[in-house]
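One structure below.
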Amino acid sequence: MAEEQTQPGQEQLQLVLDERDMKTGFANAYRIHHTAEEVVLDFGFNMANPNPQGGQSQQLLFKVNERIIMSYPSVKRLTMSLQQLIKRFEQQFGEIPTQPGPKAK
């Protein structure tokens, strides 16, 4: 865990994580919707619909596994953290494609 920088006279705050009730999931897709007060993030995965409706031969199903509701300040902090993570990753391993396609050999 990174130590927090403090100014003289300020107390240092230590964050303790409780992961006892943590759930782990997989997502290859997301959906974002919002209100004036909050941002709603749905995470899940895209897959071929095993029970297509309306006689269509192929349908894509977005199976939502998790919904996270966040305040705008929290979303902004998350965005900044993810931007830093992506920047460091791409500096080390190269650009990450945003569209699926064949992997380079």
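FYI, nothing fancy with the structure tokens labels: chains A, B, ... in order, residues from 1 per chain, ligands from 1 as they appear.
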
- Message: According to DSSP computed on the backbone, where in chain A is there alpha helix (DSSP H)? Give the residues as a PyMOL selection string.
- Response: chain A and resi 72-93

Grab the residues selected above and save them as a PDB file, in the first residue's frame with C-alpha atoms.
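Result file is out14.pdb:
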ATOM      1  CA  TYR A  72     -19.565  11.802 -10.098  1.00  0.00           C
ATOM      2  CA  PRO A  73     -16.503  12.635  -7.927  1.00  0.00           C
ATOM      3  CA  SER A  74     -15.860   8.891  -7.444  1.00  0.00           C
ATOM      4  CA  VAL A  75     -16.249   8.253 -11.173  1.00  0.00           C
ATOM      5  CA  LYS A  76     -13.764  11.031 -11.920  1.00  0.00           C
ATOM      6  CA  ARG A  77     -11.197   9.580  -9.489  1.00  0.00           C
ATOM      7  CA  LEU A  78     -11.714   6.097 -10.970  1.00  0.00           C
ATOM      8  CA  THR A  79     -11.291   7.480 -14.496  1.00  0.00           C
ATOM      9  CA  MET A  80      -8.021   9.193 -13.566  1.00  0.00           C
ATOM     10  CA  SER A  81      -6.710   5.995 -11.935  1.00  0.00           C
ATOM     11  CA  LEU A  82      -7.635   3.897 -14.979  1.00  0.00           C
ATOM     12  CA  GLN A  83      -6.001   6.428 -17.334  1.00  0.00           C
ATOM     13  CA  GLN A  84      -2.750   6.188 -15.361  1.00  0.00           C
ATOM     14  CA  LEU A  85      -2.940   2.390 -15.389  1.00  0.00           C
ATOM     15  CA  ILE A  86      -3.486   2.250 -19.169  1.00  0.00           C
ATOM     16  CA  LYS A  87      -0.690   4.750 -19.818  1.00  0.00           C
ATOM     17  CA  ARG A  88       1.815   2.689 -17.803  1.00  0.00           C
ATOM     18  CA  PHE A  89       0.690  -0.567 -19.446  1.00  0.00           C
ATOM     19  CA  GLU A  90       0.978   0.858 -22.982  1.00  0.00           C
ATOM     20  CA  GLN A  91       4.406   2.335 -22.231  1.00  0.00           C
ATOM     21  CA  GLN A  92       5.594  -1.132 -21.273  1.00  0.00           C
ATOM     22  CA  PHE A  93       3.686  -3.366 -23.713  1.00  0.00           C
TER      23      PHE A  93
END

- Query: Please, which residues of chain A, numbered as in this document, come out strand (DSSP E or B) from DSSP, as a PyMOL selection string?
  - Reply: chain A and resi 29-34+38-48+60-71

Please produce a file of those selected residues containing N, CA, C and O atoms, as a CSV table (one decimal), in the first residue's frame.
chain,number,residue,atom,x,y,z
A,29,ALA,N,-18.0,-6.6,-21.2
A,29,ALA,CA,-18.9,-5.6,-21.7
A,29,ALA,C,-19.4,-4.7,-20.6
A,29,ALA,O,-19.4,-5.2,-19.4
A,30,TYR,N,-19.8,-3.5,-20.9
A,30,TYR,CA,-20.4,-2.6,-19.9
A,30,TYR,C,-21.4,-1.7,-20.5
A,30,TYR,O,-21.5,-1.6,-21.7
A,31,ARG,N,-22.2,-1.1,-19.7
A,31,ARG,CA,-23.2,-0.2,-20.1
A,31,ARG,C,-23.2,0.9,-19.1
A,31,ARG,O,-23.1,0.7,-17.9
A,32,ILE,N,-23.3,2.2,-19.5
A,32,ILE,CA,-23.3,3.3,-18.6
A,32,ILE,C,-24.6,4.1,-18.8
A,32,ILE,O,-24.9,4.4,-19.9
A,33,HIS,N,-25.2,4.4,-17.7
A,33,HIS,CA,-26.3,5.4,-17.7
A,33,HIS,C,-26.2,6.3,-16.5
A,33,HIS,O,-25.5,5.9,-15.6
A,34,HIS,N,-26.9,7.4,-16.5
A,34,HIS,CA,-26.6,8.4,-15.4
A,34,HIS,C,-27.9,9.2,-15.1
A,34,HIS,O,-28.8,9.2,-15.9
A,38,GLU,N,-25.8,10.7,-10.0
A,38,GLU,CA,-25.0,9.5,-10.0
A,38,GLU,C,-24.8,8.9,-11.4
A,38,GLU,O,-25.5,9.2,-12.3
A,39,VAL,N,-23.8,8.0,-11.4
A,39,VAL,CA,-23.5,7.2,-12.6
A,39,VAL,C,-23.8,5.8,-12.3
A,39,VAL,O,-23.3,5.2,-11.3
A,40,VAL,N,-24.5,5.1,-13.2
A,40,VAL,CA,-24.8,3.7,-13.0
A,40,VAL,C,-24.0,2.9,-14.1
A,40,VAL,O,-24.1,3.1,-15.3
A,41,LEU,N,-23.1,2.0,-13.6
A,41,LEU,CA,-22.3,1.1,-14.4
A,41,LEU,C,-22.8,-0.3,-14.3
A,41,LEU,O,-22.8,-0.9,-13.2
A,42,ASP,N,-23.2,-0.9,-15.4
A,42,ASP,CA,-23.6,-2.3,-15.5
A,42,ASP,C,-22.5,-3.0,-16.2
A,42,ASP,O,-22.0,-2.6,-17.2
A,43,PHE,N,-22.0,-4.1,-15.5
A,43,PHE,CA,-20.9,-4.9,-16.0
A,43,PHE,C,-21.5,-6.3,-16.3
A,43,PHE,O,-22.3,-6.8,-15.6
A,44,GLY,N,-21.0,-6.9,-17.4
A,44,GLY,CA,-21.4,-8.3,-17.7
A,44,GLY,C,-20.6,-8.8,-18.9
A,44,GLY,O,-19.5,-8.4,-19.1
A,45,PHE,N,-21.3,-9.7,-19.6
A,45,PHE,CA,-20.6,-10.2,-20.8
A,45,PHE,C,-21.5,-10.4,-22.0
A,45,PHE,O,-22.7,-10.7,-21.8
A,46,ASN,N,-20.9,-10.2,-23.1
A,46,ASN,CA,-21.6,-10.4,-24.4
A,46,ASN,C,-21.5,-11.9,-24.8
A,46,ASN,O,-20.4,-12.4,-24.7
A,47,MET,N,-22.5,-12.5,-25.2
A,47,MET,CA,-22.5,-13.8,-25.7
A,47,MET,C,-23.6,-14.1,-26.7
A,47,MET,O,-24.5,-13.3,-26.8
A,48,ALA,N,-23.4,-15.1,-27.5
A,48,ALA,CA,-24.5,-15.5,-28.4
A,48,ALA,C,-25.7,-15.9,-27.6
A,48,ALA,O,-25.6,-16.6,-26.6
A,60,LEU,N,-27.1,-11.2,-30.1
A,60,LEU,CA,-26.1,-11.1,-29.1
A,60,LEU,C,-26.8,-10.7,-27.8
A,60,LEU,O,-27.7,-9.9,-27.7
A,61,LEU,N,-26.5,-11.4,-26.7
A,61,LEU,CA,-27.1,-11.2,-25.4
A,61,LEU,C,-26.1,-10.6,-24.5
A,61,LEU,O,-24.9,-11.0,-24.4
A,62,PHE,N,-26.5,-9.4,-23.9
A,62,PHE,CA,-25.6,-8.8,-22.8
A,62,PHE,C,-26.2,-9.2,-21.5
A,62,PHE,O,-27.2,-8.8,-21.0
A,63,LYS,N,-25.4,-10.1,-20.9
A,63,LYS,CA,-25.8,-10.7,-19.6
A,63,LYS,C,-25.2,-9.8,-18.5
A,63,LYS,O,-24.0,-9.9,-18.3
A,64,VAL,N,-26.0,-9.1,-17.8
A,64,VAL,CA,-25.5,-8.2,-16.7
A,64,VAL,C,-25.3,-9.0,-15.4
A,64,VAL,O,-26.2,-9.6,-15.0
A,65,ASN,N,-24.1,-8.9,-14.9
A,65,ASN,CA,-23.7,-9.6,-13.7
A,65,ASN,C,-23.7,-8.6,-12.5
A,65,ASN,O,-23.9,-9.1,-11.3
A,66,GLU,N,-23.3,-7.4,-12.7
A,66,GLU,CA,-23.1,-6.5,-11.6
A,66,GLU,C,-23.5,-5.1,-11.9
A,66,GLU,O,-23.3,-4.6,-13.1
A,67,ARG,N,-24.2,-4.4,-11.0
A,67,ARG,CA,-24.5,-3.0,-11.2
A,67,ARG,C,-23.8,-2.2,-10.1
A,67,ARG,O,-24.0,-2.5,-8.9
A,68,ILE,N,-23.0,-1.2,-10.5
A,68,ILE,CA,-22.3,-0.3,-9.5
A,68,ILE,C,-22.8,1.1,-9.7
A,68,ILE,O,-22.9,1.6,-10.8
A,69,ILE,N,-23.2,1.7,-8.6
A,69,ILE,CA,-23.7,3.1,-8.7
A,69,ILE,C,-22.7,4.0,-8.0
A,69,ILE,O,-22.4,3.7,-6.8
A,70,MET,N,-22.2,5.0,-8.6
A,70,MET,CA,-21.2,5.8,-8.1
A,70,MET,C,-21.5,7.3,-8.2
A,70,MET,O,-22.3,7.7,-9.1
A,71,SER,N,-21.0,8.1,-7.3
A,71,SER,CA,-21.1,9.6,-7.4
A,71,SER,C,-20.2,10.1,-8.5
A,71,SER,O,-19.2,9.4,-8.9

- Task: Mind giving me the straight-line distance from atom CA of Asn49 of chain A to atom CA of Gly25 of chain A in Å, one decimal?
- Result: 19.9 Å

- Separation of atom CA of Gly101 of chain A and atom CA of Asn28 of chain A, in Å? 14.3 Å

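Separating atom CA of Thr98 of chain A from atom CA of Asn51 of chain A is a distance of 28.6 Å.
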